[in-house]
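Novice: Here you go, one structure.
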There are 2 protein chains.
Amino acid sequence: MLSLHQLTCFLATYEHRSLTRAAEELGYAQPSVSEQVRTLEKHLGVPLFRRVGRGVVPTTAADTFRPHAEKVLAAADEAQSAVASIRSFETGTIRFGMFGVARLYGGAGLVADVLERYPGVRVELVGRHSMDVQENLRRGHLEAAMIAVAGLSSEGMAITPIARDELVYVSADPARLASPVTAKRIAEAPLVMAESTYRDTDSARIVLRRMLHEAGYNPGTRIEVEDVETAVELVGRGLADTITNKGAAVQLLPRLAPDAGWVSLRPRLYDTLAIVHRAGATLSPAARLMIELATQRIQAIIEPV
Amino acid sequence: MLSLHQLTCFLATYEHRSLTRAAEELGYAQPSVSEQVRTLEKHLGVPLFRRVGRGVVPTTAADTFRPHAEKVLAAADEAQSAVASIRSFETGTIRFGMFGVARLYGGAGLVADVLERYPGVRVELVGRHSMDVQENLRRGHLEAAMIAVAGLSSEGMAITPIARDELVYVSADPARLASPVTAKRIAEAPLVMAESTYRDTDSARIVLRRMLHEAGYNPGTRIEVEDVETAVELVGRGLADTITNKGAAVQLLPRLAPDAGWVSLRPRLYDTLAIVHRAGATLSPAARLMIELATQRIQAIIEPV
DNA sequence: TGCTCCTCTAGGGATTCCCTAGGGTTCCCG
DNA sequence: CGGGAACCCTAGGGAATCCCTAGAGGAGCA
């Protein structure tokens with residue numbers, strides 16, 4: 001079996017015209033280098049050096065082999081430094097899971113942070129929804145993620161809450177914003193709710209449904225849409241009210257529904273943002289970096305746990 | 001220490017998304033491949049696969065590493081096949097020692113033979129004189145050679161005589177060619193001799209000097225030149241006679257001295273052509289090829305031993 | 001829940017790696 | 001020409017690695 005070690009010994013010997021000096025350079029005893037070269041010659045089926053009294057003389061086969069050997073070692077070095085630069089975030093791809101709404105809080109800024117500090121990296125924020133992200137985590141396609149969780153129970157996953165995000169009632173009708181909104185009023189209101197695909201698993205929806213259920217209500221939703229943006233826009237047109245994360249409301253209202261406002265629920269409800277990864281996994285440097293940056297950014301915007 | 005084996009295991013695992021299938025492909029047990037990959041990860045300082053329930057999933061580090069790993073293995077393959085093609089004479093350089101006069105017998109034809117049979121090779125015929133060649137052999141710069149030897153004693157060298165080449169008297173004067181030339185007549189003749197630089201070590205000169213000495217003569221030479229061609233040309237102009245190898249005379253007279261002829265000496269003298277290499281050395285395929293071809297060619301022209 | 005698939009750990013035999021010790025040859029120098 | 005230095009080799013053995021089998025344990029699926 002050809003080995004890089006053999007090539008190293010060969011090249012050192014070729015350059016020094018001597019096994020002894022090659023061994024010195026490499027920090028081995030002379031017979032060790034001799035053995036490596038002999039093995040290489042045997043493997044190639046061609047003598048590479050002529051042993052002549054004092055020192056060794058390369059054969060024409062050695063002349064031919066040398067540039068190839070150098071190329072192999074150069075490629076090997078390059079391969080290693082390519083990975084080393086990943087480790088120090090000079091290059092490579094950092095993939096991190098992030099659910100849809102979180103981008104409103106920090107997505108773009110987070111990417112900007114990483115790109116500024118490590119100009120060579122590629123960044124991927126994957127996942128359209130917390131559930132989606134969790135699936136990717138489970139399958140191993142994702143190392144870690146920041147997601148919204150309703151409960152704190154997800155088997156085999158380590159969940160670290162980092163912030164909580166209040167759910168607020170958004171309306172274009174000032175009368176409805178005069179006081180905190182109760183379950184009764186929610187049940188009676190014409191609502192547009194986002195995340196239609198994930199309506200059953202979305203954490204905000206779960207929290208809200210639980211609250212309504214405890215109060216004895218079990219309402220249907222009037223309008224279902226995918227994007228929070230769409231929901232807020234509909235609110236802005238006075239067609240419905242919605243309930244969404246406070247952070248999303250703060251960001252989206254001025255732009256999409258300038259005449260609308262928001263108010264807390266009674267009792268107040270919260271969505272929990274957490275870092276999630278497989279339990280027992282040791283995280284890569286890239287993942288730890290993303291976790292740290294994302295946490296900072298989120299906690300600067302919304303209330304830390 | 002990075003090894004090619006690790007890279008092979010890594011790539012197989014990457015492609016199959018499975019250690020078990022990689023091991024099957026490579027013909028190892030699964031834990032062996034697992035160990036190689038683990039060692040590689042440790043060496044690189046980065047996890048390459050996420051072990052996830054059924055199978056493994058490459059990390060982004062693995063994505064980055066893969067093309068580099070492939071490049072290293074490709075370079076290694078290329079290095080091996082480069083040498084393999086030397087072994088089969090598809091390419092590479094064949095270096096062979098050949099003394100000056102021998103080119104008259106077979107030099108160009110020998111090169112032509114090799115080039116015809118092995119179109120890709122480079123051929124080097126090195127050495128200006130037998131003594132020169134022997135020095136290169138001794139220093140190891142040359143593996144084997146065909147040279148002219150006066151005696152058969154050269155320490156540490158294996159000498160295999162393959163042909164003998166008569167020394168003849170060349171003259172433009174028909175009277176001098178009427179009968180074999182004796183030591184007396186040589187001593188009295190106006191001679192031009194070639195190989196001025198090597199006059200003391202040239203085998204033909206040694207043989208001739210010995211013969212004259214035994215007959216009681218110790219003559220000086222009238223003219224000394226380097227090339228046999230020059231000597232023959234001077235003979236053609238009637239300025240002197242010369243003594244040279246019969247093969248050289250036969251080849252050169254028609255062209256350089258059309259009016260001159262040659263005759264044997266009395267007693268006849270012979271130069272011995274032999275294959276020489278370091279005693280105890282195992283010859284490379286290239287050297288064996290050259291020896292075979294050179295021997296054939298020489299023996300087709302002059303008298304085999 | 002039980003079966004299958006896949007990975008990991010454990011442990012041990014075979015091989016390789018790499019050392020020290022010493023023998024042989026070549027070359028240089030007195 | 002003989003001794004020393006330089007350099008190669010072989011021999012032998014301890015340590016590390018390679019690679020195997022056996023079996024534990026987790027994940028996915030019916």
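FYI, nothing fancy with the structure tokens labels: chains A, B, ... in order, residues from 1 per chain, ligands from 1 as they appear.
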Identify, on the basis of only C-alpha atoms (C1' of nucleotides), every residue whose closest approach to DT16 of chain C does not exceed 10 Å; exclude the query and any residue fewer than 5 positions from it along the same chain; express the result as a ChimeraX atom specification.

Specialist: /D:16-18

Novice: Keeping only all heavy atoms, write those residues as a short mmCIF file (atom, residue, chain, number, x, y, z; two decimals), in the first residue's frame.

Specialist:
data_model
loop_
_atom_site.label_atom_id
_atom_site.label_comp_id
_atom_site.auth_asym_id
_atom_site.auth_seq_id
_atom_site.Cartn_x
_atom_site.Cartn_y
_atom_site.Cartn_z
P DA D 16 3.59 3.03 22.48
OP1 DA D 16 3.74 4.45 22.85
OP2 DA D 16 2.87 2.09 23.37
"O5'" DA D 16 2.95 2.97 21.03
"C5'" DA D 16 3.67 3.55 19.94
"C4'" DA D 16 3.01 3.14 18.64
"O4'" DA D 16 3.22 1.73 18.41
"C3'" DA D 16 1.50 3.37 18.59
"O3'" DA D 16 1.25 4.21 17.47
"C2'" DA D 16 0.90 1.97 18.47
"C1'" DA D 16 2.05 1.18 17.86
N9 DA D 16 2.08 -0.24 18.18
C8 DA D 16 2.09 -0.80 19.44
N7 DA D 16 2.15 -2.12 19.43
C5 DA D 16 2.18 -2.43 18.08
C6 DA D 16 2.24 -3.67 17.40
N6 DA D 16 2.29 -4.85 18.01
N1 DA D 16 2.26 -3.64 16.04
C2 DA D 16 2.21 -2.45 15.43
N3 DA D 16 2.15 -1.23 15.96
C4 DA D 16 2.14 -1.29 17.30
P DT D 17 -0.22 4.72 17.16
OP1 DT D 17 -0.09 6.05 16.57
OP2 DT D 17 -1.08 4.46 18.34
"O5'" DT D 17 -0.67 3.72 16.01
"C5'" DT D 17 0.23 3.50 14.94
"C4'" DT D 17 -0.29 2.39 14.07
"O4'" DT D 17 -0.11 1.12 14.73
"C3'" DT D 17 -1.79 2.50 13.73
"O3'" DT D 17 -1.87 2.55 12.32
"C2'" DT D 17 -2.40 1.24 14.35
"C1'" DT D 17 -1.21 0.29 14.41
N1 DT D 17 -1.22 -0.76 15.48
C2 DT D 17 -1.06 -2.09 15.13
O2 DT D 17 -0.94 -2.46 13.97
N3 DT D 17 -1.05 -2.95 16.19
C4 DT D 17 -1.17 -2.64 17.53
O4 DT D 17 -1.14 -3.53 18.37
C5 DT D 17 -1.34 -1.25 17.82
C7 DT D 17 -1.47 -0.80 19.26
C6 DT D 17 -1.34 -0.37 16.80
P DC D 18 -3.28 2.60 11.57
OP1 DC D 18 -3.06 3.28 10.28
OP2 DC D 18 -4.32 3.06 12.51
"O5'" DC D 18 -3.52 1.06 11.26
"C5'" DC D 18 -2.50 0.37 10.57
"C4'" DC D 18 -2.99 -1.02 10.22
"O4'" DC D 18 -2.93 -1.85 11.41
"C3'" DC D 18 -4.44 -1.08 9.74
"O3'" DC D 18 -4.49 -1.97 8.63
"C2'" DC D 18 -5.20 -1.57 10.95
"C1'" DC D 18 -4.17 -2.48 11.62
N1 DC D 18 -4.29 -2.63 13.09
C2 DC D 18 -4.18 -3.91 13.65
O2 DC D 18 -4.00 -4.88 12.91
N3 DC D 18 -4.27 -4.05 15.01
C4 DC D 18 -4.45 -2.98 15.77
N4 DC D 18 -4.52 -3.16 17.09
C5 DC D 18 -4.57 -1.68 15.22
C6 DC D 18 -4.48 -1.55 13.88
#

Novice: Tell me as JSON, numbers by chain which residues belonging to chain A come within 7 Å of chain C, counting only C-alpha atoms (C1' of nucleotides).

Specialist: {"A": [32, 53, 54]}

Novice: Taking all C-alpha atoms matched one to one in order, superimpose chain A on chain B and note the resulting RMSD in Å.

Specialist: 0.2 Å

Novice: Residues of chain A no more than 6 Å from chain B, counting only C-alpha atoms: send them over as an MDAnalysis selection string.

Specialist: chainID A and resid 3:4 52 60 68 72 75:76 79 93 140

Novice: Just how far from atom CA of Pro174 of chain A is atom CA of Ala102 of chain A, in Å to one decimal?

Specialist: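 Spanning atom CA of Ala102 of chain A to atom CA of Pro174 of chain A is a straight-line distance of 27.7 Å.
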
Novice: Would you kindly report the residues of chain D within 10 Å of chain A, using only C-alpha atoms (C1' of nucleotides), as a VMD selection string?

Specialist: chain D and resid 6 to 10

Novice: Identify, on the basis of only C-alpha atoms (C1' of nucleotides), every residue whose closest approach to segment 223-233 of chain B does not exceed 7 Å; exclude the query and any residue fewer than 6 positions from it along the same chain; express the result as a VMD selection string.

Specialist: chain B and resid 191 to 197 242 253 256 to 257

Novice: As a ChimeraX atom specification, which residues of segment 120-169 of chain B does DSSP assign to helix (DSSP H, G or I)?

Specialist: /B:130-139

Novice: For each of B:Val207, B:Ala145, B:Leu125, B:Pro161, take the minimum atom-to-atom distance to Gly109 of chain B, counting only C-alpha atoms, then give the residue where this is smallest.

Specialist: B:Leu125

Novice: DSSP on the backbone: what in segment 42-80 of chain B comes out strand (DSSP E or B), as a PyMOL selection string?

Specialist: chain B and resi 49-51+56-58
